[in-house]
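Below is start25.cif, holding mmCIF, C-alpha atoms.
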data_my_file
#
loop_
_atom_site.label_atom_id
_atom_site.label_comp_id
_atom_site.auth_asym_id
_atom_site.auth_seq_id
_atom_site.Cartn_x
_atom_site.Cartn_y
_atom_site.Cartn_z
CA MET A 1 7.05 -7.07 2.69
CA PRO A 2 10.81 -7.69 2.61
CA GLN A 3 12.97 -4.86 3.90
CA SER A 4 14.88 -4.86 0.62
CA GLY A 5 11.72 -3.92 -1.26
CA LEU A 6 11.75 -0.39 0.14
CA VAL A 7 14.92 1.63 -0.36
CA PHE A 8 15.61 5.24 0.63
CA THR A 9 18.36 7.48 -0.63
CA PRO A 10 20.79 8.63 2.08
CA ASP A 11 19.02 11.99 2.39
CA GLY A 12 15.68 10.22 2.81
CA LYS A 13 14.06 12.32 0.09
CA THR A 14 13.61 9.55 -2.48
CA ALA A 15 11.96 6.21 -1.81
CA THR A 16 11.82 3.27 -4.20
CA LEU A 17 9.24 0.58 -3.58
CA GLN A 18 9.73 -2.46 -5.78
CA MET A 19 8.00 -5.84 -5.67
CA THR A 20 7.46 -8.76 -8.00
CA ASN A 21 4.74 -11.36 -8.37
CA VAL A 22 2.35 -9.52 -6.11
CA PRO A 23 -0.91 -11.51 -6.08
CA ILE A 24 -3.79 -9.25 -7.04
CA ILE A 25 -7.23 -9.61 -8.56
CA ASP A 26 -8.49 -8.31 -11.88
CA GLN A 27 -12.02 -7.06 -11.33
CA PRO A 28 -13.24 -5.07 -14.34
CA ARG A 29 -16.75 -4.48 -12.97
CA TRP A 30 -15.58 -3.19 -9.60
CA PRO A 31 -17.21 -1.72 -7.49
CA ALA A 32 -20.35 -3.63 -8.42
CA MET A 33 -21.39 -5.87 -5.55
CA ASP A 34 -21.37 -8.98 -7.75
CA ALA A 35 -18.23 -8.03 -9.67
CA GLU A 36 -16.37 -11.21 -10.53
CA SER A 37 -12.64 -11.35 -9.86
CA THR A 38 -9.80 -13.21 -11.52
CA PRO A 39 -6.42 -13.98 -9.95
CA ALA A 40 -3.62 -11.88 -11.40
CA PHE A 41 -0.09 -10.81 -10.60
CA MET A 42 1.87 -7.62 -10.85
CA ASP A 43 5.47 -6.46 -10.75
CA PHE A 44 5.97 -2.81 -10.02
CA LYS A 45 8.51 -0.12 -9.25
CA LEU A 46 7.26 3.03 -7.56
CA VAL A 47 9.52 6.03 -6.99
CA LEU A 48 8.49 8.85 -4.68
CA LYS A 49 10.52 12.06 -4.45
CA ALA A 50 9.88 14.57 -1.71
CA GLY A 51 9.46 18.17 -2.77
CA ALA A 52 10.10 21.40 -0.85
CA GLU A 53 6.57 22.07 0.37
CA ALA A 54 6.05 20.82 3.91
CA VAL A 55 2.69 19.44 5.02
CA LYS A 56 1.25 18.60 8.41
CA TYR A 57 -2.05 16.77 8.81
CA GLU A 58 -3.17 16.40 12.41
CA ASP A 59 -6.38 15.65 14.26
CA PRO A 60 -6.01 15.48 18.04
CA ALA A 61 -9.50 14.05 18.39
CA ARG A 62 -8.57 11.13 16.19
CA GLN A 63 -5.05 10.94 17.51
CA TYR A 64 -3.02 11.15 14.34
CA ARG A 65 -0.30 13.40 13.01
CA PHE A 66 1.48 13.20 9.67
CA GLU A 67 4.43 15.48 8.97
CA GLY A 68 6.19 15.40 5.66
CA PHE A 69 6.39 16.87 2.21
CA LYS A 70 4.39 16.96 -0.93
CA ALA A 71 6.04 14.59 -3.36
CA SER A 72 6.07 13.32 -6.89
CA ALA A 73 5.28 9.71 -7.65
CA GLN A 74 6.04 7.70 -10.76
CA MET A 75 5.49 4.04 -11.46
CA GLU A 76 6.15 1.31 -13.98
CA ALA A 77 4.46 -2.05 -13.75
CA THR A 78 3.62 -5.28 -15.50
CA PHE A 79 0.28 -7.00 -14.92
CA ARG A 80 -0.50 -10.61 -15.75
CA VAL A 81 -3.86 -12.42 -15.80
CA PRO A 82 -2.78 -15.99 -16.62
CA SER A 83 -6.27 -17.45 -17.01
CA ILE A 84 -7.07 -15.20 -19.96
CA ASP A 85 -3.52 -14.93 -21.27
CA PHE A 86 -3.48 -11.20 -20.74
CA THR A 87 -0.49 -9.05 -19.92
CA PHE A 88 -0.07 -5.32 -19.78
CA LYS A 89 3.20 -3.46 -19.45
CA THR A 90 3.33 0.21 -18.71
CA ASP A 91 5.66 2.57 -20.43
CA PRO A 92 8.87 3.47 -18.55
CA LEU A 93 8.58 5.01 -15.13
CA GLU A 94 9.54 8.49 -16.31
CA THR A 95 6.43 8.74 -18.47
CA SER A 96 3.96 8.39 -15.60
CA SER A 97 2.66 10.88 -13.07
CA ALA A 98 0.38 11.03 -10.05
CA ASP A 99 -2.10 13.67 -8.97
CA PHE A 100 -1.34 13.40 -5.27
CA ALA A 101 1.66 12.19 -3.31
CA VAL A 102 3.08 12.86 0.12
CA MET A 103 5.87 11.24 2.09
CA GLY A 104 6.96 11.74 5.64
CA ASP A 105 6.43 10.44 9.15
CA GLU A 106 3.25 9.42 10.95
CA VAL A 107 2.32 8.85 14.57
CA ASN A 108 -1.11 7.79 15.73
CA GLY A 109 -2.98 5.94 18.41
CA LYS A 110 -0.96 5.19 21.50
CA TYR A 111 2.12 6.86 20.01
CA TYR A 112 0.37 10.16 19.37
CA GLU A 113 0.70 11.77 22.78
CA ALA A 114 4.08 10.22 23.47
CA ALA A 115 5.52 11.66 20.28
CA LYS A 116 4.13 15.08 21.14
CA ALA A 117 5.96 15.01 24.44
CA MET B 1 -14.73 -10.78 -17.93
CA SER B 2 -12.97 -10.62 -21.21
CA ARG B 3 -10.10 -8.78 -22.69
CA ASP B 4 -12.64 -6.74 -24.64
CA HIS B 5 -12.93 -4.55 -21.61
CA GLY B 6 -10.66 -1.56 -22.02
CA PHE B 7 -7.82 -1.31 -19.55
CA ASP B 8 -9.39 1.83 -18.14
CA ARG B 9 -12.26 -0.35 -16.89
CA ARG B 10 -9.98 -2.77 -15.15
CA ARG B 11 -9.44 -2.48 -11.47
CA TRP B 12 -6.35 -4.05 -10.07
CA LEU B 13 -6.80 -4.77 -6.42
CA THR B 14 -4.66 -6.58 -3.96
CA ILE B 15 -6.06 -9.46 -2.03
CA GLY B 16 -6.39 -7.79 1.31
CA VAL B 17 -5.27 -4.36 2.35
CA SER B 18 -1.58 -4.98 2.44
CA SER B 19 1.10 -7.32 1.40
CA ALA B 20 2.98 -7.84 4.59
CA VAL B 21 5.92 -10.03 5.37
CA ALA B 22 8.27 -9.71 8.31
CA ALA B 23 11.15 -7.44 7.49
CA SER B 24 13.62 -10.03 8.65
CA LEU B 25 13.11 -12.25 5.62
CA PRO B 26 16.08 -12.70 3.30
CA GLY B 27 16.79 -9.55 1.38
CA ALA B 28 16.86 -11.24 -1.98
CA LEU B 29 13.22 -12.17 -1.73
CA LEU B 30 11.01 -9.65 -3.41
CA ARG B 31 7.90 -11.69 -3.97
CA GLY B 32 4.94 -9.68 -2.87
CA GLU B 33 2.89 -12.45 -1.40
CA ALA B 34 0.60 -11.60 1.41
CA GLY B 35 2.06 -12.36 4.78
CA PRO B 36 1.09 -15.33 6.85
CA GLN B 37 -2.24 -14.75 8.54
CA ASP B 38 -1.24 -16.52 11.73
CA CYS B 39 -1.66 -13.41 13.79
CA ALA B 40 -5.08 -14.24 15.16
CA ALA B 41 -5.35 -14.00 18.91
CA PRO B 42 -4.09 -17.29 20.39
CA ILE B 43 -6.12 -19.15 22.96
CA PRO B 44 -4.13 -18.89 26.19
CA GLN B 45 -3.12 -22.11 27.87
CA ASN B 46 -2.85 -22.71 31.62
CA HIS B 47 -4.76 -19.54 32.48
CA ALA B 48 -2.15 -17.30 30.87
CA PRO B 49 -3.30 -13.75 30.06
CA SER B 50 -4.89 -13.05 26.70
CA ASN B 51 -3.16 -10.16 24.94
CA GLY B 52 -4.73 -10.44 21.51
CA GLY B 53 -2.94 -11.23 18.27
CA PRO B 54 -0.06 -9.46 16.56
CA CYS B 55 -2.09 -8.32 13.54
CA PRO B 56 -1.91 -4.55 13.04
CA TYR B 57 -4.94 -2.74 14.41
CA PRO B 58 -7.02 -1.00 11.73
CA ILE B 59 -8.00 2.65 11.84
CA PRO B 60 -11.16 2.45 13.99
CA TRP B 61 -13.32 4.83 11.98
CA LEU B 62 -12.13 3.86 8.53
CA ASP B 63 -11.19 0.31 7.96
CA LYS B 64 -13.94 -1.91 9.22
CA ASN B 65 -14.18 -3.55 5.82
CA GLY B 66 -10.49 -4.19 5.66
CA ASN B 67 -9.90 -2.47 2.36
CA HIS B 68 -10.31 0.77 0.46
CA ASN B 69 -10.53 2.83 3.56
CA GLN B 70 -9.94 6.27 2.19
CA SER B 71 -8.23 7.83 -0.78
CA PRO B 72 -5.16 9.83 0.14
CA MET B 73 -5.72 13.57 0.22
CA PRO B 74 -4.76 16.50 2.43
CA ASN B 75 -5.95 16.55 6.02
CA VAL B 76 -7.03 12.94 6.37
CA GLU B 77 -5.59 9.99 8.25
CA LEU B 78 -3.14 8.50 5.76
CA SER B 79 -2.19 5.48 7.81
CA SER B 80 -3.93 2.13 7.45
CA ILE B 81 -2.78 1.07 10.93
CA TYR B 82 -3.73 2.47 14.31
CA HIS B 83 -1.03 2.61 16.99
CA PHE B 84 1.72 3.21 14.42
CA LYS B 85 4.81 5.39 14.24
CA GLY B 86 7.18 5.49 11.33
CA LYS B 87 7.67 6.40 7.72
CA LEU B 88 4.63 6.66 5.48
CA ALA B 89 3.92 7.68 1.91
CA ARG B 90 0.66 7.70 -0.01
CA CYS B 91 -0.02 8.56 -3.64
CA ASN B 92 -2.85 8.15 -6.08
CA GLY B 93 -4.34 9.35 -9.34
CA PHE B 94 -1.73 7.86 -11.63
CA HIS B 95 -1.63 8.61 -15.33
CA GLY B 96 0.32 6.72 -17.91
CA MET B 97 0.30 4.61 -21.03
CA GLY B 98 1.19 1.02 -21.72
CA THR B 99 0.90 -1.86 -24.12
CA ASP B 100 -0.91 -5.18 -23.78
CA ASN B 101 0.22 -8.51 -25.21
CA LYS B 102 -1.80 -7.85 -28.38
CA GLY B 103 0.09 -4.65 -29.04
CA ASN B 104 -2.78 -2.39 -28.07
CA ARG B 105 -1.80 0.96 -26.62
CA LEU B 106 -3.91 1.68 -23.55
CA ALA B 107 -4.05 4.30 -20.87
CA TRP B 108 -3.69 3.17 -17.28
CA GLY B 109 -4.46 4.76 -13.96
CA THR B 110 -7.59 6.07 -12.30
CA PRO B 111 -8.24 8.31 -9.28
CA THR B 112 -8.30 5.13 -7.20
CA THR B 113 -4.90 3.91 -8.36
CA ASP B 114 -3.55 4.11 -4.82
CA TYR B 115 -0.14 3.05 -3.55
CA SER B 116 1.52 3.42 -0.20
CA TYR B 117 4.26 2.19 2.08
CA MET B 118 4.45 2.17 5.85
CA ALA B 119 7.71 1.32 7.60
CA GLY B 120 8.06 1.47 11.33
CA GLU B 121 6.59 0.28 14.58
CA TYR B 122 3.06 -0.79 15.39
CA TRP B 123 1.55 -1.91 18.66
CA ALA B 124 -0.42 -5.12 18.94
CA ALA B 125 -0.74 -7.92 21.48
CA ARG B 126 0.64 -5.46 24.05
CA GLN B 127 4.02 -5.21 22.43
CA ALA B 128 5.78 -3.29 19.68
CA HIS B 129 6.38 -4.88 16.28
CA GLN B 130 8.66 -3.66 13.48
CA ALA B 131 7.43 -4.16 9.93
CA ILE B 132 7.17 -2.76 6.44
CA PHE B 133 3.85 -2.74 4.61
CA ALA B 134 2.86 -1.86 1.08
CA HIS B 135 -0.60 -1.14 -0.21
CA THR B 136 -1.04 -1.61 -3.93
#
How does this structure look as structure tokens?
Amino acid sequence: MPQSGLVFTPDGKTATLQMTNVPIIDQPRWPAMDAESTPAFMDFKLVLKAGAEAVKYEDPARQYRFEGFKASAQMEATFRVPSIDFTFKTDPLETSSADFAVMGDEVNGKYYEAAKA
Amino acid sequence: MSRDHGFDRRRWLTIGVSSAVAASLPGALLRGEAGPQDCAAPIPQNHAPSNGGPCPYPIPWLDKNGNHNQSPMPNVELSSIYHFKGKLARCNGFHGMGTDNKGNRLAWGTPTTDYSYMAGEYWAARQAHQAIFAHT
């Protein structure tokens, strides 16, 4: 995605991810194996704000480490399914919430041991 | 499908795991089209070494189907790319309300409403690549 689509505040604690005309599929019967899909598009703005609680998820056997903070996440979006003339617009960003969100830094694979050193 | 299905039964999925475009594209472009899939391993010419393609490497134990690898939660691999270092955020379980083009008020969001970004360096084709990815 374009670099301009992801913006951080100077303190790095708030991230805004914003994209338009993202090609998606509308698949109401998912996850049925034969669920039909219809081309659709979405515009969205997602804002993540880091909280004060630090988290660290690490598994040396699988060579990954995530260090960051629990966060809040809010989103506003518009969805369009042109073939059935359907659109859906969410209420403003401030009215949404997410059950789980974290933001931070990850290293894995070949970078795992090097970052530890 | 028809619009008779409630919005809570809809599942909005991206085509592919990520929408990825090189970060060097003009800043004014915000279209979320999937990136060019020209990262398949090239066939070496003149006996040159084969180093694979520049596509990001998936998480070996998660992503063999290329999508829906794992919901974000504590103590799991949150990345969708192996051999990655950089900024990452994951979130899911959105709740909210909205309005369709018929004026119907509908709830949106499910436990699988999963969004993420990854911004940093990944290793493929025996060299480092800088990129930003979003998963919607």
Q: Report as a list in words the residues that result from applying the PyMOL selection byres ((chain B and resi 94) around 7) to the structure here.
A: Ser96, Ser97, Ala98 and Asp99 of chain A; Asn92, Gly93, His95, Gly96, Gly109, Thr110, Pro111 and Thr113 of chain B
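Comparing B:Gly98, B:Gly86, B:Gly53, B:Gly103 by their smallest distance to Ala124 (chain B), the closest is B:Gly53 (using all atoms listed in the file).
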For Lys49 (chain A), work out the shell of residues within 6 Å, counting all atoms listed in the file and skipping chain neighbours fewer than 5 positions away, then give it as a ChimeraX atom specification. /A:13-14,71-72
Output for the residues just chosen: C-alpha atoms as a PDB file, in the frame of the given file:
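Heads up, here's the output in selection_30.pdb:
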ATOM      1  CA  LYS A  13      14.060  12.320   0.090  1.00  0.00           C
ATOM      2  CA  THR A  14      13.610   9.550  -2.480  1.00  0.00           C
ATOM      3  CA  ALA A  71       6.040  14.590  -3.360  1.00  0.00           C
ATOM      4  CA  SER A  72       6.070  13.320  -6.890  1.00  0.00           C
TER       5      SER A  72
END
*asked:* Could you tell me which residues of chain A sit within 7 Å of chain B when counting only C-alpha atoms, and give me the result as a PyMOL selection string?
replied: chain A and resi 1-5+19-28+30+57-58+64+73+86-91+95-111
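For the atom pair formed by CA of Ser80 (chain B) and CA of Pro54 (chain B), the distance is 15.2 Å, given to one decimal.
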### Message
Since I can't run it myself right now, could you work out what the PyMOL selection byres ((chain A and resi 53) around 8) selects here and report it as a ChimeraX atom specification?
### Response
/A:51-52,54-55,69-70
Evaluate the PyMOL selection byres ((chain A and resi 81) around 8) and report residues as a PDB file with C-alpha atoms, in the coordinates of the input:
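In the end it all went to part_7.pdb:
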ATOM      1  CA  ASP A  26      -8.490  -8.310 -11.880  1.00  0.00           C
ATOM      2  CA  THR A  38      -9.800 -13.210 -11.520  1.00  0.00           C
ATOM      3  CA  PRO A  39      -6.420 -13.980  -9.950  1.00  0.00           C
ATOM      4  CA  ALA A  40      -3.620 -11.880 -11.400  1.00  0.00           C
ATOM      5  CA  PHE A  41      -0.090 -10.810 -10.600  1.00  0.00           C
ATOM      6  CA  PHE A  79       0.280  -7.000 -14.920  1.00  0.00           C
ATOM      7  CA  ARG A  80      -0.500 -10.610 -15.750  1.00  0.00           C
ATOM      8  CA  PRO A  82      -2.780 -15.990 -16.620  1.00  0.00           C
ATOM      9  CA  SER A  83      -6.270 -17.450 -17.010  1.00  0.00           C
ATOM     10  CA  ILE A  84      -7.070 -15.200 -19.960  1.00  0.00           C
ATOM     11  CA  ASP A  85      -3.520 -14.930 -21.270  1.00  0.00           C
ATOM     12  CA  PHE A  86      -3.480 -11.200 -20.740  1.00  0.00           C
ATOM     13  CA  THR A  87      -0.490  -9.050 -19.920  1.00  0.00           C
TER      14      THR A  87
END
